[in-house]
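Below: the structure, in structure tokens.
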Amino acid sequence: QMQLVESGGGLVEVGGSLRLSCKASRSVFSGSTMGWYRRAPGQQREVVATITWHHDTSYSESLKGRFTISRDNVKNMVYLQMNSLEPEDTAVYYCNTVPPLRPAWGQGTQVTVSS
């Protein structure tokens with residue numbers, strides 16, 4: 001069973017913060033490098049941040065240090081702390097493995113940053 005469920009999105013003003021959560025099935029999560037992806041309106045899905053099983057992280061250079069990815073290997077959870085949000089961060093955010101497992105894509109969680 002491959003399942004990923006994202007939550008925590010919402011409407012926030014410029015400069016605000018959100019914390020996204022992703023609950024993964026064990027079959028997807030265990031031992032995997034996990035990532036947060038996003039798809040902005042009219043654009044392709046892009047990788048935002050990744051984290052290995054051993055908690056090594058990487059980020060899109062465009063984020064300028066505003067986001068932090070983390071994981072809980074006991075709870076099968078991945079998190080994305082987003083600070084200093086900008087209108088350009090408006091997108092649907094997804095989690096998945098890196099590289100992504102196509103059958104595992106969830107519904108995502110909408111983040112809207114108002115100016």
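Convention: chains lettered A, B, ... in structure tokens order; per-chain residue numbering from 1; ligands numbered from 1 as shown.
Shell of segment 82-92 of chain A at 7 Å, with only C-alpha atoms counted and residues fewer than 6 places along the chain excluded, is Val14, Gly15, Gly16, Ser17, Leu18, Arg19, Arg38, Arg39, Ala40, Pro41, Arg66, Phe67, Thr68, Gly108, Thr109, Gln110, Val111, Thr112, Val113, Ser114 and Ser115 of chain A.
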Find the spatial neighbours of Gln3 of chain A, counting only C-alpha atoms, within a cut-off of 10 Å - ignore same-chain residues fewer than 2 positions away - and output them as a PDB file with N, CA, C and O atoms, in the first residue's frame.
```pdb
ATOM      1  N   GLN A   1       0.853  -1.191   0.000  1.00  0.00           N
ATOM      2  CA  GLN A   1       0.000   0.000   0.000  1.00  0.00           C
ATOM      3  C   GLN A   1       0.887   1.238   0.000  1.00  0.00           C
ATOM      4  O   GLN A   1       1.754   1.389   0.841  1.00  0.00           O
ATOM      5  N   VAL A   5      -0.355  11.442   2.623  1.00  0.00           N
ATOM      6  CA  VAL A   5      -1.425  12.382   2.932  1.00  0.00           C
ATOM      7  C   VAL A   5      -0.811  13.662   3.468  1.00  0.00           C
ATOM      8  O   VAL A   5      -0.206  13.658   4.545  1.00  0.00           O
ATOM      9  N   CYS A  22       3.174  15.557   6.356  1.00  0.00           N
ATOM     10  CA  CYS A  22       2.900  14.475   5.408  1.00  0.00           C
ATOM     11  C   CYS A  22       2.980  13.157   6.154  1.00  0.00           C
ATOM     12  O   CYS A  22       4.012  12.842   6.760  1.00  0.00           O
ATOM     13  N   LYS A  23       1.890  12.420   6.113  1.00  0.00           N
ATOM     14  CA  LYS A  23       1.859  11.076   6.698  1.00  0.00           C
ATOM     15  C   LYS A  23       2.044  10.071   5.574  1.00  0.00           C
ATOM     16  O   LYS A  23       1.290  10.070   4.602  1.00  0.00           O
ATOM     17  N   ALA A  24       3.064   9.227   5.713  1.00  0.00           N
ATOM     18  CA  ALA A  24       3.375   8.255   4.671  1.00  0.00           C
ATOM     19  C   ALA A  24       3.131   6.847   5.164  1.00  0.00           C
ATOM     20  O   ALA A  24       3.284   6.549   6.347  1.00  0.00           O
ATOM     21  N   SER A  25       2.761   5.976   4.247  1.00  0.00           N
ATOM     22  CA  SER A  25       2.690   4.562   4.589  1.00  0.00           C
ATOM     23  C   SER A  25       4.110   4.028   4.768  1.00  0.00           C
ATOM     24  O   SER A  25       5.064   4.551   4.163  1.00  0.00           O
ATOM     25  N   ARG A  26       4.223   2.997   5.584  1.00  0.00           N
ATOM     26  CA  ARG A  26       5.543   2.482   5.921  1.00  0.00           C
ATOM     27  C   ARG A  26       6.280   1.998   4.677  1.00  0.00           C
ATOM     28  O   ARG A  26       7.494   2.183   4.554  1.00  0.00           O
ATOM     29  N   SER A  27       5.549   1.412   3.766  1.00  0.00           N
ATOM     30  CA  SER A  27       6.170   0.862   2.560  1.00  0.00           C
ATOM     31  C   SER A  27       6.828   1.944   1.716  1.00  0.00           C
ATOM     32  O   SER A  27       7.787   1.693   1.001  1.00  0.00           O
ATOM     33  N   VAL A  28       6.279   3.155   1.769  1.00  0.00           N
ATOM     34  CA  VAL A  28       6.847   4.278   1.020  1.00  0.00           C
ATOM     35  C   VAL A  28       7.976   4.920   1.803  1.00  0.00           C
ATOM     36  O   VAL A  28       9.004   5.315   1.253  1.00  0.00           O
ATOM     37  N   PHE A  29       7.813   5.026   3.084  1.00  0.00           N
ATOM     38  CA  PHE A  29       8.668   5.866   3.910  1.00  0.00           C
ATOM     39  C   PHE A  29       9.972   5.205   4.336  1.00  0.00           C
ATOM     40  O   PHE A  29      11.036   5.832   4.314  1.00  0.00           O
ATOM     41  N   ASN A  96       6.598  13.157  -1.456  1.00  0.00           N
ATOM     42  CA  ASN A  96       6.797  11.891  -2.134  1.00  0.00           C
ATOM     43  C   ASN A  96       8.245  11.477  -1.911  1.00  0.00           C
ATOM     44  O   ASN A  96       9.046  12.233  -1.353  1.00  0.00           O
ATOM     45  N   PRO A 103       2.632   6.142  -8.392  1.00  0.00           N
ATOM     46  CA  PRO A 103       1.346   5.737  -7.778  1.00  0.00           C
ATOM     47  C   PRO A 103       1.112   6.337  -6.400  1.00  0.00           C
ATOM     48  O   PRO A 103       0.007   6.254  -5.875  1.00  0.00           O
ATOM     49  N   ALA A 104       2.133   6.912  -5.807  1.00  0.00           N
ATOM     50  CA  ALA A 104       2.022   7.366  -4.426  1.00  0.00           C
ATOM     51  C   ALA A 104       1.594   8.812  -4.296  1.00  0.00           C
ATOM     52  O   ALA A 104       1.308   9.265  -3.197  1.00  0.00           O
ATOM     53  N   TRP A 105       1.525   9.569  -5.391  1.00  0.00           N
ATOM     54  CA  TRP A 105       1.155  10.981  -5.268  1.00  0.00           C
ATOM     55  C   TRP A 105      -0.171  11.132  -4.539  1.00  0.00           C
ATOM     56  O   TRP A 105      -1.150  10.484  -4.862  1.00  0.00           O
ATOM     57  N   GLY A 106      -0.186  12.028  -3.541  1.00  0.00           N
ATOM     58  CA  GLY A 106      -1.407  12.326  -2.819  1.00  0.00           C
ATOM     59  C   GLY A 106      -2.130  13.503  -3.437  1.00  0.00           C
ATOM     60  O   GLY A 106      -1.809  13.937  -4.546  1.00  0.00           O
TER      61      GLY A 106
END
```
Which neighbours of segment 47-63 of chain A fall inside 8 Å, counting only C-alpha atoms, when residues of the same chain fewer than 6 positions from it are skipped, and could you give them as a compact mmCIF listing (two decimals) with N, CA and C atoms, in the first residue's frame?
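Output file part.txt is given in full below:
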```
# COMPACT_ATOMS: atom_id res chain seq x y z
N SER A 30 9.89 3.95 4.71
CA SER A 30 11.02 3.29 5.35
C SER A 30 12.26 3.27 4.46
N GLY A 31 13.35 3.86 4.96
CA GLY A 31 14.61 3.86 4.23
C GLY A 31 14.69 4.85 3.09
N SER A 32 13.60 5.54 2.77
CA SER A 32 13.54 6.39 1.58
C SER A 32 14.01 7.80 1.86
N THR A 33 14.61 8.40 0.83
CA THR A 33 14.76 9.85 0.81
C THR A 33 13.40 10.43 0.46
N MET A 34 12.95 11.37 1.27
CA MET A 34 11.65 12.00 1.06
C MET A 34 11.83 13.44 0.60
N GLY A 35 10.83 13.93 -0.10
CA GLY A 35 10.93 15.30 -0.58
C GLY A 35 9.59 16.00 -0.54
N TRP A 36 9.64 17.30 -0.48
CA TRP A 36 8.47 18.14 -0.69
C TRP A 36 8.59 18.74 -2.09
N TYR A 37 7.48 18.69 -2.80
CA TYR A 37 7.38 19.23 -4.15
C TYR A 37 6.26 20.27 -4.15
N ARG A 38 6.26 21.11 -5.15
CA ARG A 38 5.15 22.04 -5.29
C ARG A 38 4.87 22.29 -6.77
N ILE A 69 13.01 21.36 6.13
CA ILE A 69 12.40 20.04 6.05
C ILE A 69 12.89 19.20 7.21
N SER A 70 12.01 18.35 7.72
CA SER A 70 12.38 17.44 8.80
C SER A 70 11.54 16.17 8.67
N ARG A 71 11.89 15.16 9.42
CA ARG A 71 11.15 13.90 9.38
C ARG A 71 11.19 13.22 10.74
N ASN A 73 11.14 9.37 11.81
CA ASN A 73 11.22 8.02 11.27
C ASN A 73 10.43 7.00 12.07
N VAL A 98 12.10 10.52 -3.26
CA VAL A 98 12.99 11.12 -4.24
C VAL A 98 13.83 10.00 -4.83
```
Check chain A with DSSP on the backbone and list each residue it calls helix (DSSP H, G or I), as a list in words.
Arg26, Ser27, Val28, Phe29, Glu61, Ser62, Leu63, Pro87, Glu88, Asp89, Arg102, Pro103 and Ala104 of chain A
Using only C-alpha atoms, which of the listed residues (A:Ser7, A:Gly42, A:Glu13, A:Lys64) sits closest to Tyr94 of chain A?
A:Ser7
For the structure I just gave you, how does DSSP split segment 21-110 of chain A - specifically, which residues are strand (DSSP E)? Reply as a PyMOL selection string.
chain A and resi 21-24+34-39+46-51+57-59+67-72+77-82+91-97+109-110
